[in-house]
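**Student:** Here it is, the structure, as structure tokens.
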Amino acid sequence: MKPADCTETGAGGLNRRELLAMAGNGLFLWFSVDGLAAQEPARLPARQGYPTDLNAYLRIGPDGRVTCFSGKVELGQGAMTVLAQILAEELDVAYASVDMVLGDTELCPYDMGTFGSMNVRNFGPALRGAGAEAKAILLQMAAEQLQAPPARLQVKGGVVTDSATPGKSVTYGQLVQGKRIERHIEGVAVKPVAAYTVVGRAAPRKDALEKVTGKAKYCGDFMFTGMLHARLVRPPAHGAKLKDADTSAAEKAGARVVRDGELIAVLHERPDLADKALGLVKAQFERPLPTVDDKTIFDHLLKTGPPPQNVGASGDLAEGAKASAAIVEETYLNSYVAHAPMETHSATAVVENGKVTVWAGTQAPFSVRQQVAQAVGFPPQNVRIIASYVGGGFGGKSAAGQAVEAARLAKATGKPVQVVWNRAEEFFYDTFRPAAVVKIRAGVSSAGKIALWDYSVCGAGEREAKTYYDVPNQRTLSAGGWQGGNPPGMHPFAIGPWRAPSVNTNTFARESHMDALAAKAGIDPLEFRLNHLSDARMRRVLEAVAKQFAWKAGKAPSGRGAGIACGIYSNAYAATMADVVVDKKTGHVQVTRVVSAMDVGLAVNPEGLRQQMEGCIAMGLGYSLTEEVHFKDGEVLDRNFDSYQIPRFSWMPKMETILIDNPGSPALGAGEPPIITMGAVIANAIFDAAGVRLRQLPMTPARVLEALQKG
Amino acid sequence: MERTISFTLNGKPASVKVEDGRMLLWVLRSDLGLTGTKFGCGEGLCGACTVIVNREAVRSCSVPVKDVAGKQVMTIEGLGQSGLHAIQAAFVKHHAFQCGYCTPGMILNAYALLLKTPKPTPEQIARHMEDNLCRCGAHVRILAAIQEAAIAAPASASRGGAR
């Protein structure tokens, strides 16, 4: 059986057959396959578990085109574009001549996964090193071929020229033609930032043409002759046990049925007919005992959470209380939030000659390879995962149960199998952002200085829980978190990383409470923050955002509806100001303007960073205003976008984004920092508009109305 | 019961033998291999499956294929067959997408708007696009791209599309 798509190109423009054919012709400078790479001598300094052999990262074809290999995945965040920029810069080749192969476990160097805004921060330096060494080797080869001293050589766009003899030149492609080069140059320096011509500028997105023409292939777009679409029998609630399933009607209707342990699937050549057949399966489940729902969850978390860990303390809390003229003690809540990517979890699996290939929508193809290998009983080297274009992840595609399901079913049926979760399955099996409770007891002195800060978070995790404000007497406690290790039964379903895990919750609580303290002290909220900040980078983003926003100093509530919040995420700094309009009749909150400033060190792709900032603002509106998972006794009540409302066009504020120029600091990730401030900036703006403080996310019209009524 | 349904697809005659009650989305993707039309929600709530039927944007997940018999159907594969359509070019220029999964539906919904209203106001664009969901947050760029496409292609919104 030949996969129908074998001749088509995926995300990277080359398929395996083409690559192998070219390798066989000896036209490859470098060719890296798992296993082969491991035999290469160590060459680059080891970084973050990435290979030390530059061959793992890049290949220069005879036509001079450069193929860049990365285990990172294009989720929409622009990995394909920014990594191509980095490699083009170091190699001195045209950006347009770089082709990207991402997320393919057979072709790309091992990568832990695409999350935590680490593409540029962690993979970037490894790729730069590989590019710099490759260029040094190519220059050495060119010097030999042109019989010119290396100092006379200039390189531009992959063409090496002898500056003393115009016209005497050789291309990278010509240099490596028909050879496999095993050279290595120790300790090559990367290009200085000041010499950059590609990095630091806008670049056309590598994925643009494929995405606007419908040619971009996501994992559910791979179709093979004889392929079966699978729909699986699912429990009605988490914790429900299958008692019995009668699949005879589905079989009569022409569907194939596979039972493999707890997995019951109906399969059909047409996805919608598989779905129809699933409707004919009579499955009986034993429901779990009543547990918890979206209203009782907060008490439940406090009761069932693990003992809190002290994640930072200084001074003396009793002294702090004594020094406080006023103490403000509040509880902040946030509900479970779904990732809700537009592409549901999808996978297409093909088993052939004892090997399985799975096109899987995942942020972590190498972890999925292990999971699939274990599930089908193949050695990992016989499992290939290809994360082609992924239709949004946000942390929710770190787990990839659908890939395991597709692989098991492909093995069981001997046919290619596609599994595409429907929207209800996507909600049901999502690894939600955990619901959380934050309690803060803080005091200000008569001089308007924070004397006491006692912070305790349950459920969200400790990242950025500790305050960066200057407070002499403080303590930070954290119980449980998104990373796991929570007591059984604490959460009624799976939880996991959601864009800026822990930090949205902690920033909402801290920045809301800072505003409450400023109001108590009768000090302008910006001034109050600056009065407690010796961190120069934080001062700079705050001052930048205030300038652009034209912040009018004054004590809140001013009635204007302006809010402020700031925060740190993985050493990147974000500050946000927003204007809101609160409809006091309906409780509806319209965010009309957001100014967001971010310091992520060197800006590799300023245009890409702005896209990420805008995306953070838009997505942040959702968790702030509407998004919460409704559930009861293990049943997820949200099944589609009717009850679970994500941001829409009419919600969009005027957005202004500011990139702090900081090329002296290493480039950091940008996919997450600006989202962390959204909850607090809106809560603080609502307080400024209406004089009421919302302490529970999301700030739905009902909750706003309730707060207004309470006054 | 199976029957044969004929219609015009991206300017060419198409004919499919399908069971009653099947929705256009699945026939396009699975029977006809046009995977540019995406599944997002299955209930007409997200717009990822938007296609054009007789110059109107429809949710193909909720349109029975028999309803398009004899009609003109255009998918993203049919737009800009001889070079990018103005809307596609503007989406490229403005980076009006991130993951790209909602993009075909966004572009075709915008296409339907410009057929009817070649010079929409920003408010008309936002209102028309309201029920097409984007999770990455490319909204402001999508609006800017559609606005520019409307300005760039006066009264020729159908250029490059199916007849």
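Following the order of the structure tokens, first chain is A, next is B, and so on, with residues numbered from 1 inside each chain and ligands from 1 in the order they appear.
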Applying 12 Å and only C-alpha atoms, which residues near Val18 in chain B remain after dropping the ones on its own chain fewer than 3 positions away? List them as JSON, numbers by chain.
**Tutor:** {"A": [270, 272, 273], "B": [1, 2, 3, 4, 5, 6, 15, 21, 22, 23, 24, 26, 27, 28, 30, 31, 32, 64, 65, 66, 69]}
**Student:** Could you dump the residues just selected with N, CA and C atoms as a short mmCIF file (atom, residue, chain, number, x, y, z; two decimals), in the first residue's frame?
**Tutor:**
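Below is the file that was written, part_1.cif:
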```cif
data_model
loop_
_atom_site.label_atom_id
_atom_site.label_comp_id
_atom_site.auth_asym_id
_atom_site.auth_seq_id
_atom_site.Cartn_x
_atom_site.Cartn_y
_atom_site.Cartn_z
N ARG A 270 -15.89 6.94 5.37
CA ARG A 270 -16.32 8.34 5.39
C ARG A 270 -16.48 8.79 6.85
N ASP A 272 -18.17 11.12 8.35
CA ASP A 272 -19.52 11.41 8.85
C ASP A 272 -20.34 10.13 8.98
N LEU A 273 -20.01 9.13 8.17
CA LEU A 273 -20.76 7.87 8.30
C LEU A 273 -20.23 7.07 9.50
N MET B 1 -30.21 5.54 1.46
CA MET B 1 -30.29 5.44 0.01
C MET B 1 -29.27 6.37 -0.64
N GLU B 2 -28.61 5.87 -1.67
CA GLU B 2 -27.60 6.69 -2.34
C GLU B 2 -28.19 7.38 -3.56
N ARG B 3 -27.75 8.58 -3.82
CA ARG B 3 -28.14 9.23 -5.07
C ARG B 3 -26.97 10.06 -5.59
N THR B 4 -27.02 10.41 -6.84
CA THR B 4 -25.94 11.18 -7.44
C THR B 4 -26.31 12.66 -7.44
N ILE B 5 -25.43 13.43 -6.92
CA ILE B 5 -25.65 14.88 -6.85
C ILE B 5 -24.62 15.56 -7.75
N SER B 6 -25.10 16.43 -8.61
CA SER B 6 -24.19 17.14 -9.50
C SER B 6 -24.24 18.64 -9.21
N SER B 15 -19.64 15.62 -9.66
CA SER B 15 -20.74 14.69 -9.46
C SER B 15 -20.33 13.69 -8.39
N GLY B 21 -28.62 12.74 3.34
CA GLY B 21 -28.38 13.40 4.63
C GLY B 21 -26.94 13.77 4.90
N ARG B 22 -26.04 13.43 3.99
CA ARG B 22 -24.63 13.77 4.27
C ARG B 22 -24.39 15.26 4.07
N MET B 23 -23.53 15.81 4.89
CA MET B 23 -23.25 17.24 4.82
C MET B 23 -22.12 17.52 3.82
N LEU B 24 -22.20 18.70 3.25
CA LEU B 24 -21.25 19.11 2.21
C LEU B 24 -19.79 19.04 2.69
N TRP B 26 -18.13 17.06 4.64
CA TRP B 26 -17.48 15.75 4.61
C TRP B 26 -17.33 15.23 3.20
N VAL B 27 -18.28 15.59 2.35
CA VAL B 27 -18.19 15.17 0.95
C VAL B 27 -17.03 15.91 0.28
N LEU B 28 -16.88 17.18 0.58
CA LEU B 28 -15.77 17.95 0.01
C LEU B 28 -14.44 17.37 0.48
N SER B 30 -13.71 14.38 2.20
CA SER B 30 -13.44 12.95 2.16
C SER B 30 -13.69 12.35 0.77
N ASP B 31 -14.81 12.70 0.14
CA ASP B 31 -15.12 12.12 -1.17
C ASP B 31 -14.36 12.83 -2.28
N LEU B 32 -14.21 14.15 -2.15
CA LEU B 32 -13.61 14.93 -3.23
C LEU B 32 -12.18 15.37 -2.94
N PRO B 64 -26.75 20.09 3.82
CA PRO B 64 -26.80 18.78 3.18
C PRO B 64 -26.33 18.89 1.73
N VAL B 65 -25.58 17.93 1.29
CA VAL B 65 -24.98 18.03 -0.04
C VAL B 65 -26.07 18.08 -1.12
N LYS B 66 -27.23 17.47 -0.84
CA LYS B 66 -28.30 17.51 -1.85
C LYS B 66 -28.79 18.94 -2.09
N ALA B 69 -27.22 20.73 -5.18
CA ALA B 69 -27.42 20.17 -6.53
C ALA B 69 -27.70 21.31 -7.51
#
```
**Student:** For chain A, which residues have at least one atom within 8 Å of chain B, if we go by only C-alpha atoms? Write them as an NGL selection string, please.
**Tutor:** :A and (74-78 or 204-205 or 208-209 or 211-217 or 221 or 223 or 270-272 or 340-344 or 389-392 or 422-423 or 611 or 614-619 or 640-642 or 646-650 or 652)
**Student:** To one decimal place, how far is CA of His588 in chain A from CA of Tyr623 in chain A in Å?
**Tutor:**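 Going from CA of His588 in chain A over to CA of Tyr623 in chain A, I get 14.7 Å.
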**Student:** May I have the residues within 9 Å of range 438-443 of chain A as a ChimeraX atom specification, using only C-alpha atoms and disregarding those fewer than 6 positions away in the same chain?
**Tutor:** /A:320-321,323-334,449-460,474,505-506,509-510,513,517
**Student:** Among range 4-154 of chain B, which residues does DSSP mark as alpha helix (DSSP H) when it is run on the backbone? Keep the chain and numbering as in the structure and answer as JSON, numbers by chain.
**Tutor:** {"B": [24, 25, 26, 86, 87, 88, 89, 90, 91, 92, 93, 94, 103, 104, 105, 106, 107, 108, 109, 110, 111, 112, 113, 114, 115, 116, 122, 123, 124, 125, 126, 127, 128, 129, 139, 140, 141, 142, 143, 144, 145, 146, 147, 148, 149, 150, 151, 152]}
**Student:** Using the selection just defined, write its residues with C-alpha atoms as a PDB file, in the first residue's frame.
**Tutor:**
```pdb
ATOM      1  CA  LEU B  24     -21.249  19.114   2.211  1.00  0.00           C
ATOM      2  CA  LEU B  25     -18.161  19.471   4.445  1.00  0.00           C
ATOM      3  CA  TRP B  26     -17.480  15.750   4.607  1.00  0.00           C
ATOM      4  CA  ALA B  86      -6.829  40.369  -3.450  1.00  0.00           C
ATOM      5  CA  ILE B  87      -8.104  39.028  -0.121  1.00  0.00           C
ATOM      6  CA  GLN B  88      -5.484  36.281  -0.035  1.00  0.00           C
ATOM      7  CA  ALA B  89      -2.744  38.762  -0.948  1.00  0.00           C
ATOM      8  CA  ALA B  90      -3.884  41.095   1.812  1.00  0.00           C
ATOM      9  CA  PHE B  91      -3.908  38.212   4.337  1.00  0.00           C
ATOM     10  CA  VAL B  92      -0.305  37.440   3.366  1.00  0.00           C
ATOM     11  CA  LYS B  93       0.751  41.074   3.592  1.00  0.00           C
ATOM     12  CA  HIS B  94      -0.881  41.716   6.960  1.00  0.00           C
ATOM     13  CA  THR B 103      -8.061  31.095   7.509  1.00  0.00           C
ATOM     14  CA  PRO B 104      -9.855  29.467   4.554  1.00  0.00           C
ATOM     15  CA  GLY B 105     -13.188  30.125   6.247  1.00  0.00           C
ATOM     16  CA  MET B 106     -12.203  33.686   7.100  1.00  0.00           C
ATOM     17  CA  ILE B 107     -11.119  34.408   3.535  1.00  0.00           C
ATOM     18  CA  LEU B 108     -14.248  32.928   1.967  1.00  0.00           C
ATOM     19  CA  ASN B 109     -16.549  34.697   4.405  1.00  0.00           C
ATOM     20  CA  ALA B 110     -14.791  37.958   3.547  1.00  0.00           C
ATOM     21  CA  TYR B 111     -15.120  37.105  -0.143  1.00  0.00           C
ATOM     22  CA  ALA B 112     -18.888  36.806   0.241  1.00  0.00           C
ATOM     23  CA  LEU B 113     -19.001  40.170   1.985  1.00  0.00           C
ATOM     24  CA  LEU B 114     -17.075  41.924  -0.781  1.00  0.00           C
ATOM     25  CA  LEU B 115     -19.315  40.371  -3.445  1.00  0.00           C
ATOM     26  CA  LYS B 116     -22.304  42.066  -1.851  1.00  0.00           C
ATOM     27  CA  PRO B 122     -14.833  48.705   9.323  1.00  0.00           C
ATOM     28  CA  GLU B 123     -18.028  48.126  11.323  1.00  0.00           C
ATOM     29  CA  GLN B 124     -19.640  46.221   8.446  1.00  0.00           C
ATOM     30  CA  ILE B 125     -16.557  44.018   8.161  1.00  0.00           C
ATOM     31  CA  ALA B 126     -16.454  43.257  11.883  1.00  0.00           C
ATOM     32  CA  ARG B 127     -20.174  42.518  11.957  1.00  0.00           C
ATOM     33  CA  HIS B 128     -19.972  40.222   8.948  1.00  0.00           C
ATOM     34  CA  MET B 129     -16.989  38.334  10.388  1.00  0.00           C
ATOM     35  CA  HIS B 139      -8.625  39.402  14.545  1.00  0.00           C
ATOM     36  CA  VAL B 140      -7.261  42.910  14.149  1.00  0.00           C
ATOM     37  CA  ARG B 141      -5.042  41.839  11.270  1.00  0.00           C
ATOM     38  CA  ILE B 142      -7.891  39.981   9.593  1.00  0.00           C
ATOM     39  CA  LEU B 143     -10.016  43.130   9.734  1.00  0.00           C
ATOM     40  CA  ALA B 144      -7.164  45.227   8.341  1.00  0.00           C
ATOM     41  CA  ALA B 145      -6.541  42.745   5.535  1.00  0.00           C
ATOM     42  CA  ILE B 146     -10.182  42.676   4.465  1.00  0.00           C
ATOM     43  CA  GLN B 147     -10.322  46.462   4.521  1.00  0.00           C
ATOM     44  CA  GLU B 148      -7.246  46.670   2.349  1.00  0.00           C
ATOM     45  CA  ALA B 149      -8.537  44.044  -0.060  1.00  0.00           C
ATOM     46  CA  ALA B 150     -11.730  46.048  -0.473  1.00  0.00           C
ATOM     47  CA  ILE B 151      -9.729  49.162  -1.285  1.00  0.00           C
ATOM     48  CA  ALA B 152      -7.242  47.340  -3.493  1.00  0.00           C
TER      49      ALA B 152
END
```
**Student:** Any idea what the distance is between CA of Val589 in chain A and CA of Pro653 in chain A?
**Tutor:**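 Interatomic distance, CA of Val589 in chain A to CA of Pro653 in chain A: 11.4 Å.
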**Student:** Just list as an NGL selection string whatever in chain B DSSP marks as strand (DSSP E or B).
**Tutor:** :B and (2-9 or 12-19 or 23 or 50-53 or 56-59 or 64 or 72-74 or 81 or 83)
